[in-house]
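K.L.:
My structure file target_7.cif, mmCIF, C-alpha atoms, pLDDT in the B column; chains and numbers go by the auth columns, is below:
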data_data
loop_
_atom_site.group_PDB
_atom_site.id
_atom_site.type_symbol
_atom_site.label_atom_id
_atom_site.label_comp_id
_atom_site.label_asym_id
_atom_site.label_seq_id
_atom_site.Cartn_x
_atom_site.Cartn_y
_atom_site.Cartn_z
_atom_site.B_iso_or_equiv
_atom_site.auth_seq_id
_atom_site.auth_asym_id
ATOM 1 C CA MET A 1 109.915 -39.665 -63.835 95.00 47 A
ATOM 2 C CA TYR A 2 109.544 -36.310 -65.564 97.00 48 A
ATOM 3 C CA LYS A 3 107.211 -35.096 -68.248 98.00 49 A
ATOM 4 C CA ALA A 4 109.041 -33.046 -70.852 98.00 50 A
ATOM 5 C CA THR A 5 107.275 -30.456 -72.999 98.00 51 A
ATOM 6 C CA VAL A 6 109.426 -29.252 -75.875 98.00 52 A
ATOM 7 C CA ILE A 7 108.646 -26.387 -78.247 98.00 53 A
ATOM 8 C CA ILE A 8 110.634 -26.101 -81.450 98.00 54 A
ATOM 9 C CA LYS A 9 110.435 -22.945 -83.545 97.00 55 A
ATOM 10 C CA ARG A 10 112.119 -21.757 -86.692 97.00 56 A
ATOM 11 C CA ARG A 11 114.461 -18.858 -86.022 97.00 57 A
ATOM 12 C CA PRO A 12 112.676 -15.546 -86.648 95.00 58 A
ATOM 13 C CA LYS A 13 114.751 -14.750 -89.760 95.00 59 A
ATOM 14 C CA ILE A 14 113.953 -18.077 -91.457 96.00 60 A
ATOM 15 C CA LEU A 15 110.981 -18.040 -93.824 96.00 61 A
ATOM 16 C CA ASP A 16 108.017 -20.145 -92.660 96.00 62 A
ATOM 17 C CA PRO A 17 106.067 -21.288 -95.757 96.00 63 A
ATOM 18 C CA GLN A 18 103.630 -23.387 -93.697 95.00 64 A
ATOM 19 C CA GLY A 19 102.815 -20.286 -91.633 97.00 65 A
ATOM 20 C CA LYS A 20 102.265 -18.266 -94.827 96.00 66 A
ATOM 21 C CA ALA A 21 99.933 -20.987 -96.142 97.00 67 A
ATOM 22 C CA VAL A 22 97.882 -20.916 -92.943 96.00 68 A
ATOM 23 C CA GLU A 23 97.692 -17.145 -93.116 96.00 69 A
ATOM 24 C CA GLN A 24 96.420 -17.254 -96.714 96.00 70 A
ATOM 25 C CA GLY A 25 93.871 -19.893 -95.723 96.00 71 A
ATOM 26 C CA ALA A 26 92.764 -17.681 -92.842 96.00 72 A
ATOM 27 C CA LYS A 27 92.310 -14.709 -95.204 96.00 73 A
ATOM 28 C CA LEU A 28 90.251 -16.828 -97.613 96.00 74 A
ATOM 29 C CA LEU A 29 87.962 -17.668 -94.696 96.00 75 A
ATOM 30 C CA GLY A 30 87.629 -13.972 -93.868 96.00 76 A
ATOM 31 C CA PHE A 31 90.067 -13.783 -90.931 96.00 77 A
ATOM 32 C CA ASN A 32 91.782 -10.593 -92.039 95.00 78 A
ATOM 33 C CA ASN A 33 93.185 -9.744 -88.597 95.00 79 A
ATOM 34 C CA VAL A 34 95.612 -12.663 -88.490 96.00 80 A
ATOM 35 C CA LYS A 35 99.251 -11.628 -89.058 95.00 81 A
ATOM 36 C CA ALA A 36 102.758 -13.071 -88.894 95.00 82 A
ATOM 37 C CA THR A 37 101.762 -16.707 -88.452 97.00 83 A
ATOM 38 C CA ARG A 38 104.605 -19.060 -87.500 97.00 84 A
ATOM 39 C CA ILE A 39 104.266 -22.798 -87.067 98.00 85 A
ATOM 40 C CA GLY A 40 106.434 -24.881 -84.810 98.00 86 A
ATOM 41 C CA LYS A 41 106.376 -28.264 -83.148 97.00 87 A
ATOM 42 C CA TYR A 42 105.042 -29.170 -79.733 98.00 88 A
ATOM 43 C CA ILE A 43 106.476 -32.428 -78.394 98.00 89 A
ATOM 44 C CA GLU A 44 105.574 -34.199 -75.152 97.00 90 A
ATOM 45 C CA PHE A 45 107.220 -37.269 -73.686 97.00 91 A
ATOM 46 C CA PHE A 46 108.168 -38.840 -70.394 97.00 92 A
ATOM 47 C CA VAL A 47 111.760 -39.232 -69.237 97.00 93 A
ATOM 48 C CA ASP A 48 112.198 -42.188 -66.932 96.00 94 A
ATOM 49 C CA ASN A 49 114.888 -40.637 -64.769 94.00 95 A
ATOM 50 C CA LYS A 50 114.706 -39.774 -61.081 94.00 96 A
ATOM 51 C CA GLU A 51 117.184 -36.905 -61.129 95.00 97 A
ATOM 52 C CA LYS A 52 115.987 -33.653 -62.575 96.00 98 A
ATOM 53 C CA ALA A 53 119.407 -32.385 -63.637 96.00 99 A
ATOM 54 C CA SER A 54 120.126 -35.597 -65.482 96.00 100 A
ATOM 55 C CA ALA A 55 116.656 -35.663 -67.112 96.00 101 A
ATOM 56 C CA GLU A 56 117.261 -32.077 -68.246 97.00 102 A
ATOM 57 C CA GLU A 57 120.559 -33.063 -69.771 97.00 103 A
ATOM 58 C CA GLU A 58 118.862 -35.937 -71.642 96.00 104 A
ATOM 59 C CA VAL A 59 116.140 -33.698 -73.057 97.00 105 A
ATOM 60 C CA LYS A 60 118.674 -31.106 -74.143 97.00 106 A
ATOM 61 C CA LEU A 61 120.788 -33.746 -75.886 97.00 107 A
ATOM 62 C CA LEU A 62 117.732 -35.300 -77.547 97.00 108 A
ATOM 63 C CA CYS A 63 116.731 -31.879 -78.914 97.00 109 A
ATOM 64 C CA ASP A 64 120.274 -31.262 -80.159 96.00 110 A
ATOM 65 C CA LYS A 65 120.717 -34.690 -81.721 96.00 111 A
ATOM 66 C CA LEU A 66 117.250 -35.536 -83.015 96.00 112 A
ATOM 67 C CA LEU A 67 114.302 -33.200 -82.488 97.00 113 A
ATOM 68 C CA ALA A 68 115.520 -29.782 -83.650 97.00 114 A
ATOM 69 C CA ASN A 69 117.287 -28.837 -86.854 96.00 115 A
ATOM 70 C CA PRO A 70 120.380 -26.983 -85.605 95.00 116 A
ATOM 71 C CA ASN A 71 120.625 -25.026 -88.862 96.00 117 A
ATOM 72 C CA MET A 72 117.332 -23.240 -88.552 96.00 118 A
ATOM 73 C CA GLU A 73 115.435 -24.089 -85.384 97.00 119 A
ATOM 74 C CA ASP A 74 115.607 -23.155 -81.716 97.00 120 A
ATOM 75 C CA PHE A 75 114.082 -25.159 -78.902 98.00 121 A
ATOM 76 C CA GLU A 76 112.905 -24.608 -75.362 98.00 122 A
ATOM 77 C CA PHE A 77 111.526 -27.103 -72.870 98.00 123 A
ATOM 78 C CA THR A 78 110.053 -27.536 -69.424 98.00 124 A
ATOM 79 C CA LEU A 79 110.167 -30.550 -67.114 97.00 125 A
ATOM 80 C CA GLU A 80 107.453 -31.419 -64.659 97.00 126 A
ATOM 81 C CA GLU A 81 107.788 -34.201 -62.105 96.00 127 A
ATOM 82 C CA VAL A 82 105.164 -36.931 -62.352 95.00 128 A
ATOM 83 C CA LYS A 83 104.603 -39.876 -60.001 84.00 129 A
ATOM 84 C CA MET B 1 96.754 -6.241 -80.779 95.00 185 B
ATOM 85 C CA TYR B 2 97.111 -9.648 -79.211 97.00 186 B
ATOM 86 C CA LYS B 3 99.649 -12.396 -79.677 98.00 187 B
ATOM 87 C CA ALA B 4 97.975 -15.809 -79.856 98.00 188 B
ATOM 88 C CA THR B 5 99.827 -19.006 -78.995 98.00 189 B
ATOM 89 C CA VAL B 6 97.913 -22.108 -80.037 98.00 190 B
ATOM 90 C CA ILE B 7 98.780 -25.702 -79.184 98.00 191 B
ATOM 91 C CA ILE B 8 97.108 -28.469 -81.137 98.00 192 B
ATOM 92 C CA LYS B 9 97.362 -32.071 -79.942 97.00 193 B
ATOM 93 C CA ARG B 10 95.916 -35.332 -81.132 97.00 194 B
ATOM 94 C CA ARG B 11 93.408 -36.740 -78.673 97.00 195 B
ATOM 95 C CA PRO B 12 95.077 -39.212 -76.292 95.00 196 B
ATOM 96 C CA LYS B 13 93.289 -42.237 -77.787 95.00 197 B
ATOM 97 C CA ILE B 14 94.410 -41.448 -81.358 96.00 198 B
ATOM 98 C CA LEU B 15 97.611 -43.177 -82.487 96.00 199 B
ATOM 99 C CA ASP B 16 100.536 -40.821 -83.109 96.00 200 B
ATOM 100 C CA PRO B 17 102.829 -42.419 -85.728 96.00 201 B
ATOM 101 C CA GLN B 18 105.155 -39.406 -85.853 95.00 202 B
ATOM 102 C CA GLY B 19 105.624 -39.684 -82.090 97.00 203 B
ATOM 103 C CA LYS B 20 106.373 -43.391 -82.421 96.00 204 B
ATOM 104 C CA ALA B 21 108.956 -42.625 -85.129 97.00 205 B
ATOM 105 C CA VAL B 22 110.677 -40.068 -82.896 96.00 206 B
ATOM 106 C CA GLU B 23 110.701 -42.547 -80.038 96.00 207 B
ATOM 107 C CA GLN B 24 112.329 -45.232 -82.216 96.00 208 B
ATOM 108 C CA GLY B 25 114.882 -42.705 -83.410 96.00 209 B
ATOM 109 C CA ALA B 26 115.595 -41.763 -79.801 96.00 210 B
ATOM 110 C CA LYS B 27 116.126 -45.435 -78.889 96.00 211 B
ATOM 111 C CA LEU B 28 118.527 -45.907 -81.814 96.00 212 B
ATOM 112 C CA LEU B 29 120.555 -42.992 -80.454 96.00 213 B
ATOM 113 C CA GLY B 30 120.621 -44.614 -77.013 96.00 214 B
ATOM 114 C CA PHE B 31 117.902 -42.565 -75.297 96.00 215 B
ATOM 115 C CA ASN B 32 116.144 -45.492 -73.659 95.00 216 B
ATOM 116 C CA ASN B 33 114.360 -43.391 -71.007 95.00 217 B
ATOM 117 C CA VAL B 34 112.085 -41.618 -73.477 96.00 218 B
ATOM 118 C CA LYS B 35 108.474 -42.876 -73.374 95.00 219 B
ATOM 119 C CA ALA B 36 105.046 -42.023 -74.759 95.00 220 B
ATOM 120 C CA THR B 37 106.172 -39.371 -77.226 97.00 221 B
ATOM 121 C CA ARG B 38 103.365 -37.304 -78.757 97.00 222 B
ATOM 122 C CA ILE B 39 103.837 -34.620 -81.383 98.00 223 B
ATOM 123 C CA GLY B 40 101.568 -31.658 -81.839 98.00 224 B
ATOM 124 C CA LYS B 41 101.622 -28.254 -83.457 97.00 225 B
ATOM 125 C CA TYR B 42 102.636 -24.960 -81.921 98.00 226 B
ATOM 126 C CA ILE B 43 101.243 -21.948 -83.779 98.00 227 B
ATOM 127 C CA GLU B 44 101.903 -18.277 -83.071 97.00 228 B
ATOM 128 C CA PHE B 45 100.274 -15.288 -84.717 97.00 229 B
ATOM 129 C CA PHE B 46 99.076 -11.790 -84.027 97.00 230 B
ATOM 130 C CA VAL B 47 95.422 -10.818 -83.984 97.00 231 B
ATOM 131 C CA ASP B 48 94.881 -7.196 -84.919 96.00 232 B
ATOM 132 C CA ASN B 49 91.920 -6.591 -82.634 94.00 233 B
ATOM 133 C CA LYS B 50 91.699 -4.241 -79.658 94.00 234 B
ATOM 134 C CA GLU B 51 89.110 -6.188 -77.701 95.00 235 B
ATOM 135 C CA LYS B 52 90.279 -9.297 -75.937 96.00 236 B
ATOM 136 C CA ALA B 53 86.919 -11.090 -75.940 96.00 237 B
ATOM 137 C CA SER B 54 86.537 -10.547 -79.661 96.00 238 B
ATOM 138 C CA ALA B 55 90.156 -11.620 -80.369 96.00 239 B
ATOM 139 C CA GLU B 56 89.504 -14.769 -78.318 97.00 240 B
ATOM 140 C CA GLU B 57 86.423 -15.506 -80.366 97.00 241 B
ATOM 141 C CA GLU B 58 88.434 -15.086 -83.594 96.00 242 B
ATOM 142 C CA VAL B 59 91.168 -17.463 -82.446 97.00 243 B
ATOM 143 C CA LYS B 60 88.628 -20.051 -81.337 97.00 244 B
ATOM 144 C CA LEU B 61 86.824 -19.864 -84.683 97.00 245 B
ATOM 145 C CA LEU B 62 90.107 -20.045 -86.618 97.00 246 B
ATOM 146 C CA CYS B 63 91.067 -23.199 -84.687 97.00 247 B
ATOM 147 C CA ASP B 64 87.651 -24.729 -85.332 96.00 248 B
ATOM 148 C CA LYS B 65 87.526 -23.821 -89.024 96.00 249 B
ATOM 149 C CA LEU B 66 91.151 -24.167 -90.133 96.00 250 B
ATOM 150 C CA LEU B 67 93.909 -25.056 -87.698 97.00 251 B
ATOM 151 C CA ALA B 68 92.667 -28.147 -85.856 97.00 252 B
ATOM 152 C CA ASN B 69 91.165 -31.309 -87.264 97.00 253 B
ATOM 153 C CA PRO B 70 87.885 -31.640 -85.354 95.00 254 B
ATOM 154 C CA ASN B 71 87.873 -35.407 -85.865 96.00 255 B
ATOM 155 C CA MET B 72 91.029 -36.123 -83.953 96.00 256 B
ATOM 156 C CA GLU B 73 92.650 -33.028 -82.467 97.00 257 B
ATOM 157 C CA ASP B 74 92.062 -30.756 -79.491 97.00 258 B
ATOM 158 C CA PHE B 75 93.388 -27.229 -79.174 98.00 259 B
ATOM 159 C CA GLU B 76 94.182 -24.755 -76.436 98.00 260 B
ATOM 160 C CA PHE B 77 95.418 -21.197 -76.714 98.00 261 B
ATOM 161 C CA THR B 78 96.564 -18.153 -74.789 98.00 262 B
ATOM 162 C CA LEU B 79 96.365 -14.492 -75.731 97.00 263 B
ATOM 163 C CA GLU B 80 98.870 -11.900 -74.638 97.00 264 B
ATOM 164 C CA GLU B 81 98.416 -8.183 -75.254 96.00 265 B
ATOM 165 C CA VAL B 82 101.181 -6.530 -77.274 94.00 266 B
ATOM 166 C CA LYS B 83 101.613 -2.848 -78.090 83.00 267 B
#
Let me see whether you can do it: turn the structure in this file into structure tokens.
P.N.:
Amino acid sequence: MYKATVIIKRRPKILDPQGKAVEQGAKLLGFNNVKATRIGKYIEFFVDNKEKASAEEEVKLLCDKLLANPNMEDFEFTLEEVK
Amino acid sequence: MYKATVIIKRRPKILDPQGKAVEQGAKLLGFNNVKATRIGKYIEFFVDNKEKASAEEEVKLLCDKLLANPNMEDFEFTLEEVK
């Protein structure tokens, strides 16, 4: 079994309104040093598969077919073996 | 200047309906090996501060006061110096 940790981010050229909102909120609270805020998703799950290469393939497919928006997001992931 | 990378997760005992929805979607697509999906936030920003300890303090405060919900989320972050 492997634990997958997936990070999904908007591509740098795509506007991130949620990030802008957080940045404005930060300024209102007096955090004037905070710049270029971008918000993405952090997804964890287990893959019940004994072979790492095959688990990797599953995670990649799941990102392509469900988790990430292929029009504007990129993803990266790591796999860690768990007993 | 430092680049902050913040990860915000619901506490393990708190139900994650978005994770459940992703898991059901994965099953519908035939990914039957995917278990215990949890969805969190991944936030990146720059902190315009030369001192690492002070930048760390700012990020911690920002998480406490704005980014994380203290009732049900935990956060962790890393800082990386950028020129």
K.L.:
Kindly resolve the PyMOL selection byres ((chain B) within 7 of (chain A)) on the present coordinates and return the residues as a ChimeraX atom specification.
P.N.:
/B:217-233
K.L.:
Using the chain letters and numbers from the file, which residues does the PyMOL selection byres ((chain A and resi 59) around 12) grab, as a list in words?
P.N.:
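For this structure, the PyMOL selection byres ((chain A and resi 59) around 12) captures Lys55, Arg56, Arg57, Pro58, Ile60, Leu61, Asp62, Arg84, Asn117, Met118, Glu119 and Asp120 of chain A.
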K.L.:
Those residues with C-alpha atoms, as an mmCIF file, in the frame of the given file please?
P.N.:
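Result written to result-v3.cif:
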data_model
loop_
_atom_site.group_PDB
_atom_site.id
_atom_site.type_symbol
_atom_site.label_atom_id
_atom_site.label_comp_id
_atom_site.auth_asym_id
_atom_site.auth_seq_id
_atom_site.Cartn_x
_atom_site.Cartn_y
_atom_site.Cartn_z
ATOM 1 C CA LYS A 55 110.435 -22.945 -83.545
ATOM 2 C CA ARG A 56 112.119 -21.757 -86.692
ATOM 3 C CA ARG A 57 114.461 -18.858 -86.022
ATOM 4 C CA PRO A 58 112.676 -15.546 -86.648
ATOM 5 C CA ILE A 60 113.953 -18.077 -91.457
ATOM 6 C CA LEU A 61 110.981 -18.040 -93.824
ATOM 7 C CA ASP A 62 108.017 -20.145 -92.660
ATOM 8 C CA ARG A 84 104.605 -19.060 -87.500
ATOM 9 C CA ASN A 117 120.625 -25.026 -88.862
ATOM 10 C CA MET A 118 117.332 -23.240 -88.552
ATOM 11 C CA GLU A 119 115.435 -24.089 -85.384
ATOM 12 C CA ASP A 120 115.607 -23.155 -81.716
#
K.L.:
How many Å lie between atom CA of Thr262 of chain B and atom CA of Ser238 of chain B, rounded to one decimal?
P.N.:
13.5 Å
K.L.:
Put chain B on top of chain A with a least-squares fit on all C-alpha atoms, paired in order, and send it back as a tab-separated table (two decimals) with C-alpha atoms, in the coordinates of the input.
P.N.:
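The result, stored in selection-v9.tsv:
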chain	number	residue	atom	x	y	z
B	185	MET	CA	109.89	-39.65	-63.82
B	186	TYR	CA	109.54	-36.32	-65.55
B	187	LYS	CA	107.20	-35.09	-68.24
B	188	ALA	CA	109.04	-33.03	-70.85
B	189	THR	CA	107.27	-30.46	-73.00
B	190	VAL	CA	109.42	-29.25	-75.88
B	191	ILE	CA	108.65	-26.39	-78.25
B	192	ILE	CA	110.64	-26.11	-81.45
B	193	LYS	CA	110.44	-22.95	-83.55
B	194	ARG	CA	112.15	-21.78	-86.69
B	195	ARG	CA	114.46	-18.86	-86.02
B	196	PRO	CA	112.69	-15.54	-86.65
B	197	LYS	CA	114.76	-14.74	-89.76
B	198	ILE	CA	113.96	-18.07	-91.45
B	199	LEU	CA	110.97	-18.03	-93.82
B	200	ASP	CA	108.02	-20.13	-92.65
B	201	PRO	CA	106.08	-21.29	-95.74
B	202	GLN	CA	103.63	-23.38	-93.70
B	203	GLY	CA	102.80	-20.29	-91.64
B	204	LYS	CA	102.27	-18.27	-94.82
B	205	ALA	CA	99.94	-20.99	-96.14
B	206	VAL	CA	97.88	-20.92	-92.94
B	207	GLU	CA	97.69	-17.15	-93.12
B	208	GLN	CA	96.42	-17.26	-96.72
B	209	GLY	CA	93.88	-19.89	-95.74
B	210	ALA	CA	92.77	-17.69	-92.85
B	211	LYS	CA	92.32	-14.71	-95.21
B	212	LEU	CA	90.25	-16.82	-97.62
B	213	LEU	CA	87.96	-17.67	-94.70
B	214	GLY	CA	87.63	-13.98	-93.86
B	215	PHE	CA	90.06	-13.78	-90.93
B	216	ASN	CA	91.79	-10.59	-92.03
B	217	ASN	CA	93.19	-9.74	-88.58
B	218	VAL	CA	95.62	-12.67	-88.49
B	219	LYS	CA	99.26	-11.63	-89.05
B	220	ALA	CA	102.76	-13.08	-88.89
B	221	THR	CA	101.76	-16.71	-88.45
B	222	ARG	CA	104.60	-19.05	-87.50
B	223	ILE	CA	104.27	-22.80	-87.07
B	224	GLY	CA	106.43	-24.89	-84.81
B	225	LYS	CA	106.37	-28.27	-83.16
B	226	TYR	CA	105.05	-29.17	-79.74
B	227	ILE	CA	106.48	-32.43	-78.39
B	228	GLU	CA	105.58	-34.20	-75.15
B	229	PHE	CA	107.22	-37.26	-73.67
B	230	PHE	CA	108.17	-38.84	-70.39
B	231	VAL	CA	111.75	-39.24	-69.24
B	232	ASP	CA	112.21	-42.20	-66.93
B	233	ASN	CA	114.89	-40.64	-64.76
B	234	LYS	CA	114.70	-39.77	-61.07
B	235	GLU	CA	117.18	-36.90	-61.13
B	236	LYS	CA	115.99	-33.65	-62.58
B	237	ALA	CA	119.41	-32.37	-63.65
B	238	SER	CA	120.14	-35.60	-65.48
B	239	ALA	CA	116.66	-35.66	-67.12
B	240	GLU	CA	117.26	-32.07	-68.25
B	241	GLU	CA	120.56	-33.06	-69.78
B	242	GLU	CA	118.86	-35.94	-71.64
B	243	VAL	CA	116.14	-33.69	-73.06
B	244	LYS	CA	118.68	-31.09	-74.15
B	245	LEU	CA	120.80	-33.74	-75.89
B	246	LEU	CA	117.74	-35.30	-77.55
B	247	CYS	CA	116.74	-31.87	-78.92
B	248	ASP	CA	120.27	-31.26	-80.17
B	249	LYS	CA	120.72	-34.70	-81.72
B	250	LEU	CA	117.25	-35.53	-83.04
B	251	LEU	CA	114.31	-33.20	-82.50
B	252	ALA	CA	115.50	-29.78	-83.66
B	253	ASN	CA	117.29	-28.84	-86.85
B	254	PRO	CA	120.37	-26.98	-85.60
B	255	ASN	CA	120.62	-25.04	-88.86
B	256	MET	CA	117.32	-23.25	-88.56
B	257	GLU	CA	115.42	-24.10	-85.38
B	258	ASP	CA	115.60	-23.16	-81.72
B	259	PHE	CA	114.08	-25.17	-78.90
B	260	GLU	CA	112.90	-24.61	-75.36
B	261	PHE	CA	111.53	-27.10	-72.87
B	262	THR	CA	110.05	-27.54	-69.42
B	263	LEU	CA	110.17	-30.55	-67.12
B	264	GLU	CA	107.44	-31.43	-64.67
B	265	GLU	CA	107.78	-34.20	-62.10
B	266	VAL	CA	105.15	-36.94	-62.33
B	267	LYS	CA	104.63	-39.89	-60.00
K.L.:
What does the distance from atom CA of Glu265 of chain B to atom CA of Pro63 of chain A come to in Å, to one decimal?
P.N.:
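Between atom CA of Glu265 of chain B and atom CA of Pro63 of chain A the gap is 25.5 Å.
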K.L.:
How far is it from atom CA of Glu260 of chain B to atom CA of Glu240 of chain B, in Å with one decimal?
P.N.:
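That distance, rounded to one decimal, is 11.2 Å.
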